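Everything below concerns the one structure shown next.
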Amino acid sequence: MATSKELRIGLVGYGFMGRTHSNGYKRVNDFFPDLATRPVLKAVCGRSEDKAKAFAGQWQYESVETDWKALIARDDIDAIDICTPNDTHAPIAIAAAQAGKMVLCEKPIARDQAESVPMVDAIETAGVANTVWYNYRRAPAVTLAKKLIDEGRLGKIFHYRANFLQDWTISEDLPQGGAALWRLDAKAAGSGVTGDLLAHCIDTAMWLNGGIDEVSAMTETFIKERVHTATGEKQAVTIDDACLFHCRFGNGSLGLFESTRYARGHKALYTLEINGEKASIKWDLHDINRLQFFDHGDDSLIRGWHDIHVSDGDMPYLDKWWVPGLCLGYEHTFVHQVADFLAAVEAGGPCRPTFRDALETTKVCDAVLKSAAEKSWQTTGVDWQGS
Ligand SMILES: NC(=O)c1ccc[n+]([C@@H]2O[C@H](COP(=O)([O-])OP(=O)(O)OC[C@H]3O[C@@H](n4cnc5c(N)ncnc54)[C@H](O)[C@@H]3O)[C@@H](O)[C@H]2O)c1
């Protein structure tokens, strides 16, 4: 199908995620030719005009803005894509929705639940198309895991286990705050590994296994003070450097989650394992194209873990890419999310996770942090509405 409609994108933030999203917009129609809509890179917004212009030149955006309010006020922009630090998401998303723009927002939608609720209200009152970039759902092996679970191949699920391990903050000389290290500053980030990394694990977990009802957590801040780049002075570190929690899902299964930035040797080790009555599943971001599957129904002489290379054309998203045996990478998860967003807009349906779905993840994050602070079990208040 020839593309007939334009979706004019206004991107806010030209950092790491600004690049992954821009790549998604540029690639999507080459590989998803059935889409009737073509993203147009209309404008990128950043506070530094020089850097925004350099980014626009590299990624072929038509124009730049230095104030996101001016971007939202433009009538030649259909969708605002928020790729800025977490403390900026709420004002941008609310203003964009009130202006009738579609809103795509990086995760976590905001620093906490209190900040997220008015965002969901604004989005739903305006009735604008929206999505939140919990992109790991769209790694084909993870999407395949969802299909296998939904087909009932695991049977009743007993256990869900996930880790997200990194090692980049071990040095006590690393400052906090500023453009590069906003993740270490709770004012900008909201929390540490809980909102940054466990939010991904929680979104995938609830997508695969349903809502999380109650949690018990512990957190640690290993380095108590760091120089703040804004002041040059040592200030207390108030993010969680590490977080462990266990939980109970609504379906009765038990969950165990761990995240840290102090696991020497691990860079982005997101792993998950699900144990069901009939079968188990394992996935590892460092081996993104493989899904491990153990089926107790196999003939006992050959029963064991299947090492599935998720590259055949009948597997999720794979008919759009190369030939069986060839690999996809991290960037494809974002291309897939753009494709699904455009398809949802064309069909007039939601692109999950929506802001409302992402609010549920934020509720779990808040309950985890409260549990750790109060050393007590917390109910999450999650109202999980399916996929
Ligand atoms: N989906 C994922 O896997 C994933 C991965 C990394 C980050 N993220 C999320 O994406 C968001 C951005 O993270 P990042 O790693 O790209 O950060 P980054 O630091 O690389 O980029 C942030 C960008 O925002 C810009 N910015 C900051 N304040 C601004 C403002 N007021 N107006 C305009 N631009 C502003 C900065 O100049 C920079 O260009 C965060 O919410 C983060 O949690 C998601």
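Every chain in the structure tokens has a letter given in the order shown (A, B, ...), and although residue numbers restart at 1 in each chain, ligands are simply numbered from 1 in the order shown.
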Could the residues that lie within 8 Å of ligand 1, counting only C-alpha atoms and all ligand atoms, be listed as a PyMOL selection string?
chain A and resi 12-19+45-48+66-68+82-86+88-89+105-110+133-136+179-183+189+195-196+200
Could you please take those selected residues and save C-alpha atoms as an mmCIF file, in the first residue's frame?
data_model
loop_
_atom_site.group_PDB
_atom_site.id
_atom_site.type_symbol
_atom_site.label_atom_id
_atom_site.label_comp_id
_atom_site.auth_asym_id
_atom_site.auth_seq_id
_atom_site.Cartn_x
_atom_site.Cartn_y
_atom_site.Cartn_z
ATOM 1 C CA VAL A 12 11.433 16.840 22.471
ATOM 2 C CA GLY A 13 14.955 15.831 23.556
ATOM 3 C CA TYR A 14 17.766 14.755 21.254
ATOM 4 C CA GLY A 15 19.665 12.409 23.571
ATOM 5 C CA PHE A 16 19.761 8.603 23.673
ATOM 6 C CA MET A 17 16.035 8.068 23.186
ATOM 7 C CA GLY A 18 15.752 10.926 20.684
ATOM 8 C CA ARG A 19 18.064 8.867 18.469
ATOM 9 C CA CYS A 45 13.177 20.626 20.288
ATOM 10 C CA GLY A 46 16.129 21.077 22.648
ATOM 11 C CA ARG A 47 17.276 23.894 24.885
ATOM 12 C CA SER A 48 20.519 24.396 22.950
ATOM 13 C CA THR A 66 14.236 25.646 21.758
ATOM 14 C CA ASP A 67 11.053 25.773 23.848
ATOM 15 C CA TRP A 68 8.673 22.809 23.960
ATOM 16 C CA ILE A 82 8.737 13.152 24.793
ATOM 17 C CA CYS A 83 12.368 11.989 25.135
ATOM 18 C CA THR A 84 13.460 14.195 28.028
ATOM 19 C CA PRO A 85 14.301 13.454 31.691
ATOM 20 C CA ASN A 86 11.443 12.209 33.849
ATOM 21 C CA THR A 88 9.743 17.154 32.380
ATOM 22 C CA HIS A 89 7.272 14.519 31.124
ATOM 23 C CA CYS A 105 6.121 9.467 26.023
ATOM 24 C CA GLU A 106 9.234 7.771 27.296
ATOM 25 C CA LYS A 107 9.000 5.657 30.412
ATOM 26 C CA PRO A 108 8.423 6.052 33.294
ATOM 27 C CA ILE A 109 5.565 8.413 32.413
ATOM 28 C CA ALA A 110 6.484 10.537 35.431
ATOM 29 C CA TRP A 133 7.808 3.459 25.166
ATOM 30 C CA TYR A 134 8.103 0.279 27.216
ATOM 31 C CA ASN A 135 9.876 -1.061 24.166
ATOM 32 C CA TYR A 136 10.974 -4.485 25.478
ATOM 33 C CA ALA A 179 22.562 16.958 31.528
ATOM 34 C CA ALA A 180 24.456 13.672 31.568
ATOM 35 C CA LEU A 181 23.775 12.347 35.065
ATOM 36 C CA TRP A 182 20.184 13.374 35.766
ATOM 37 C CA ARG A 183 19.435 9.694 36.530
ATOM 38 C CA ALA A 189 14.563 11.122 37.901
ATOM 39 C CA GLY A 195 11.773 3.933 38.080
ATOM 40 C CA ASP A 196 14.577 3.597 35.552
ATOM 41 C CA HIS A 200 10.679 -1.977 32.436
#
Quiz item: Quick one: residues within 9 Å of A:Lys282, only C-alpha atoms counted, chain neighbours fewer than 5 positions away excluded, as a PyMOL selection string?
Solution: chain A and resi 145+271-275+290-294
Q: Per DSSP on the backbone, filter stretch 46-178 of chain A down to the residues in strand (DSSP E or B) and report them as an MDAnalysis selection string.
A: chainID A and resid 63:65 79:82 102:105 130:132 157:165 176:177
message: Need to verify the contact set: A:Gly190, 7 Å, only C-alpha atoms, exclusion of same-chain residues closer than 4 positions in sequence. Can you return it as a PyMOL selection string?
response: chain A and resi 111-112+186
Please produce, as a Markdown table, a per-residue contact table for stretch 246-339 of chain A versus stretch 218-230 of chain A (criterion: any atom at most 12 Å away, only C-alpha atoms considered), showing the nearest atom pair and its distance in Å to one decimal, sorted by chain then residue number.
| residue | atom | partner | partner_atom | distance |
| --- | --- | --- | --- | --- |
| A:His246 | CA | A:Met218 | CA | 9.3 |
| A:Leu256 | CA | A:Met218 | CA | 12.0 |
| A:Phe257 | CA | A:Met218 | CA | 10.7 |
| A:Glu258 | CA | A:Met218 | CA | 9.8 |
| A:Ser259 | CA | A:Thr219 | CA | 9.5 |
| A:Thr260 | CA | A:Glu220 | CA | 9.2 |
| A:Arg261 | CA | A:Phe222 | CA | 10.0 |
| A:Tyr262 | CA | A:Phe222 | CA | 8.6 |
Using N, CA and C atoms, can you export the residues from the last selection as a CSV table (one decimal), in the first residue's frame?
chain,number,residue,atom,x,y,z
A,246,HIS,N,10.0,-8.7,46.3
A,246,HIS,CA,9.2,-9.8,45.9
A,246,HIS,C,7.7,-9.4,46.0
A,256,LEU,N,9.8,-12.2,41.9
A,256,LEU,CA,11.0,-11.9,42.5
A,256,LEU,C,11.8,-11.0,41.5
A,257,PHE,N,12.1,-9.8,42.0
A,257,PHE,CA,12.8,-8.8,41.1
A,257,PHE,C,14.0,-8.2,41.7
A,258,GLU,N,15.0,-7.9,40.9
A,258,GLU,CA,16.3,-7.3,41.4
A,258,GLU,C,16.8,-6.3,40.4
A,259,SER,N,17.2,-5.2,40.8
A,259,SER,CA,17.9,-4.2,39.9
A,259,SER,C,19.0,-3.5,40.7
A,260,THR,N,20.1,-3.3,40.0
A,260,THR,CA,21.2,-2.5,40.7
A,260,THR,C,22.0,-1.9,39.6
A,261,ARG,N,22.8,-0.9,39.9
A,261,ARG,CA,23.8,-0.3,39.0
A,261,ARG,C,25.2,-0.7,39.6
A,262,TYR,N,25.2,-1.7,40.5
A,262,TYR,CA,26.5,-2.1,41.2
A,262,TYR,C,26.8,-3.5,40.9
**Request:** Looking only at helix (DSSP H, G or I) from DSSP on the backbone, list the matching residues of stretch 135-359 of chain A as a VMD selection string.
**Result:** chain A and resid 135 to 138 140 to 150 182 to 184 186 to 189 193 to 209 285 to 287 318 to 320 330 to 347 355 to 359
Take the selection from the previous step and output its residues with C-alpha atoms, as a PDB file, in the first residue's frame.
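Final file, again.pdb:
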ATOM      1  CA  ASN A 135       9.876  -1.061  24.166  1.00  0.00           C
ATOM      2  CA  TYR A 136      10.974  -4.485  25.478  1.00  0.00           C
ATOM      3  CA  ARG A 137       7.455  -5.791  24.824  1.00  0.00           C
ATOM      4  CA  ARG A 138       8.389  -5.504  21.157  1.00  0.00           C
ATOM      5  CA  PRO A 140      10.271 -10.431  19.061  1.00  0.00           C
ATOM      6  CA  ALA A 141      11.358 -13.077  21.599  1.00  0.00           C
ATOM      7  CA  VAL A 142       9.390 -11.301  24.353  1.00  0.00           C
ATOM      8  CA  THR A 143       6.375 -10.895  22.056  1.00  0.00           C
ATOM      9  CA  LEU A 144       6.643 -14.620  21.319  1.00  0.00           C
ATOM     10  CA  ALA A 145       6.702 -15.339  25.067  1.00  0.00           C
ATOM     11  CA  LYS A 146       3.415 -13.426  25.351  1.00  0.00           C
ATOM     12  CA  LYS A 147       1.906 -15.502  22.552  1.00  0.00           C
ATOM     13  CA  LEU A 148       2.986 -18.791  24.175  1.00  0.00           C
ATOM     14  CA  ILE A 149       1.583 -17.725  27.552  1.00  0.00           C
ATOM     15  CA  ASP A 150      -1.697 -16.535  26.032  1.00  0.00           C
ATOM     16  CA  TRP A 182      20.184  13.374  35.766  1.00  0.00           C
ATOM     17  CA  ARG A 183      19.435   9.694  36.530  1.00  0.00           C
ATOM     18  CA  LEU A 184      21.412  10.015  39.782  1.00  0.00           C
ATOM     19  CA  ALA A 186      16.097  12.126  42.480  1.00  0.00           C
ATOM     20  CA  LYS A 187      14.644  15.572  41.707  1.00  0.00           C
ATOM     21  CA  ALA A 188      14.973  14.888  37.971  1.00  0.00           C
ATOM     22  CA  ALA A 189      14.563  11.122  37.901  1.00  0.00           C
ATOM     23  CA  VAL A 193      16.834   1.833  39.564  1.00  0.00           C
ATOM     24  CA  THR A 194      13.170   1.397  40.531  1.00  0.00           C
ATOM     25  CA  GLY A 195      11.773   3.933  38.080  1.00  0.00           C
ATOM     26  CA  ASP A 196      14.577   3.597  35.552  1.00  0.00           C
ATOM     27  CA  LEU A 197      15.082  -0.167  35.251  1.00  0.00           C
ATOM     28  CA  LEU A 198      12.538  -2.075  37.337  1.00  0.00           C
ATOM     29  CA  ALA A 199       9.755  -0.095  35.619  1.00  0.00           C
ATOM     30  CA  HIS A 200      10.679  -1.977  32.436  1.00  0.00           C
ATOM     31  CA  CYS A 201      10.612  -5.314  34.282  1.00  0.00           C
ATOM     32  CA  ILE A 202       7.273  -4.475  35.914  1.00  0.00           C
ATOM     33  CA  ASP A 203       5.658  -3.428  32.633  1.00  0.00           C
ATOM     34  CA  THR A 204       6.760  -6.639  30.913  1.00  0.00           C
ATOM     35  CA  ALA A 205       5.764  -8.724  33.942  1.00  0.00           C
ATOM     36  CA  MET A 206       2.228  -7.359  34.150  1.00  0.00           C
ATOM     37  CA  TRP A 207       1.832  -7.631  30.372  1.00  0.00           C
ATOM     38  CA  LEU A 208       2.862 -11.293  30.493  1.00  0.00           C
ATOM     39  CA  ASN A 209       1.447 -12.335  33.846  1.00  0.00           C
ATOM     40  CA  LEU A 285      18.391  -9.014  26.703  1.00  0.00           C
ATOM     41  CA  HIS A 286      22.076  -9.747  26.015  1.00  0.00           C
ATOM     42  CA  ASP A 287      20.871 -12.567  23.765  1.00  0.00           C
ATOM     43  CA  LEU A 318       9.936 -11.294  11.625  1.00  0.00           C
ATOM     44  CA  ASP A 319       8.058 -11.409   8.321  1.00  0.00           C
ATOM     45  CA  LYS A 320       8.988  -7.732   7.961  1.00  0.00           C
ATOM     46  CA  TYR A 330      17.725  -3.226  20.233  1.00  0.00           C
ATOM     47  CA  GLU A 331      16.787  -0.579  17.663  1.00  0.00           C
ATOM     48  CA  HIS A 332      14.131  -2.807  16.099  1.00  0.00           C
ATOM     49  CA  THR A 333      12.040  -2.712  19.288  1.00  0.00           C
ATOM     50  CA  PHE A 334      11.507   1.008  18.628  1.00  0.00           C
ATOM     51  CA  VAL A 335      10.747   0.491  14.917  1.00  0.00           C
ATOM     52  CA  HIS A 336       8.115  -2.047  16.003  1.00  0.00           C
ATOM     53  CA  GLN A 337       6.575   0.372  18.478  1.00  0.00           C
ATOM     54  CA  VAL A 338       6.333   3.078  15.795  1.00  0.00           C
ATOM     55  CA  ALA A 339       4.722   0.539  13.425  1.00  0.00           C
ATOM     56  CA  ASP A 340       2.215  -0.535  16.071  1.00  0.00           C
ATOM     57  CA  PHE A 341       1.444   3.076  16.961  1.00  0.00           C
ATOM     58  CA  LEU A 342       0.759   4.004  13.325  1.00  0.00           C
ATOM     59  CA  ALA A 343      -1.377   0.884  12.838  1.00  0.00           C
ATOM     60  CA  ALA A 344      -3.356   1.730  15.997  1.00  0.00           C
ATOM     61  CA  VAL A 345      -3.919   5.318  14.834  1.00  0.00           C
ATOM     62  CA  GLU A 346      -5.133   4.015  11.461  1.00  0.00           C
ATOM     63  CA  ALA A 347      -7.471   1.535  13.155  1.00  0.00           C
ATOM     64  CA  PHE A 355      -0.607   6.211  29.565  1.00  0.00           C
ATOM     65  CA  ARG A 356      -3.218   4.394  31.671  1.00  0.00           C
ATOM     66  CA  ASP A 357      -1.257   1.134  31.461  1.00  0.00           C
ATOM     67  CA  ALA A 358       1.943   2.979  32.370  1.00  0.00           C
ATOM     68  CA  LEU A 359       0.216   4.535  35.383  1.00  0.00           C
TER      69      LEU A 359
END
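Distance annotation: of A:Gln113, A:Asn163, A:Asn251, A:Ser300, the residue with the minimal separation from A:Thr380 is A:Gln113; atom set is only C-alpha atoms.
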Spatial neighbours of A:Ala97, max dist 12 Å, only C-alpha atoms, sep filter under 3 positions, as an MDAnalysis selection string: chainID A and resid 72:73 78:81 89:94 100:105 118:130 355
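Put simply, atom CA of A:Ala372 is 16.2 Å away from atom CA of A:Gly255.
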Across A:Ala217, A:Gly386, A:Lys234, A:His159, the smallest distance to A:Lys370, with only C-alpha atoms counted, is shown by A:Ala217
Provide the atom CA of A:Gln60 to atom CA of A:Asp30 distance in Å, to one decimal place.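 Distance between the two atoms: 16.3 Å.
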Practice prompt. With a distance cut-off of 9 Å and only C-alpha atoms, select the neighbouring residues of A:Val44, excluding the residue or stretch itself and same-chain residues fewer than 2 positions from it, and output the selection as an NGL selection string.
Written response: :A and (9-14 or 18 or 41-42 or 46 or 52-53 or 55-56 or 61-66 or 71)
Take the residues from that selection and put them in a file with C-alpha atoms, as a compact mmCIF listing (two decimals), in the first residue's frame.
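Ended up saving to part_24.txt:
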# COMPACT_ATOMS: atom_id res chain seq x y z
CA ILE A 9 6.38 14.49 14.55
CA GLY A 10 7.65 17.04 17.05
CA LEU A 11 10.42 15.40 19.10
CA VAL A 12 11.43 16.84 22.47
CA GLY A 13 14.95 15.83 23.56
CA TYR A 14 17.77 14.75 21.25
CA GLY A 18 15.75 10.93 20.68
CA LEU A 41 10.31 14.53 11.05
CA LYS A 42 8.91 18.03 11.31
CA GLY A 46 16.13 21.08 22.65
CA ALA A 52 19.25 20.92 18.17
CA LYS A 53 20.37 22.15 14.73
CA PHE A 55 20.74 16.83 15.54
CA ALA A 56 18.21 18.09 12.98
CA TYR A 61 14.39 17.08 10.88
CA GLU A 62 12.91 20.01 8.95
CA SER A 63 13.19 22.59 11.75
CA VAL A 64 14.18 23.19 15.38
CA GLU A 65 12.61 24.75 18.45
CA THR A 66 14.24 25.65 21.76
CA LEU A 71 6.69 23.24 19.53
Min atom-atom distance to A:Pro353 from the set A:Asp314, A:Gly155, A:Ala162, A:Val132, counting only C-alpha atoms, belongs to A:Val132
Excluding A:Trp168 and residues on its chain fewer than 4 positions from it, collect all residues at most 10 Å away from it, counting only C-alpha atoms, and give them as a ChimeraX atom specification. /A:174,260-268
Fill in: Interatomic distance (Å, one decimal) between atom CA of A:Cys247 and atom CA of A:Val368
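Calculated distance between atom CA of A:Cys247 and atom CA of A:Val368 is 9.3 Å.
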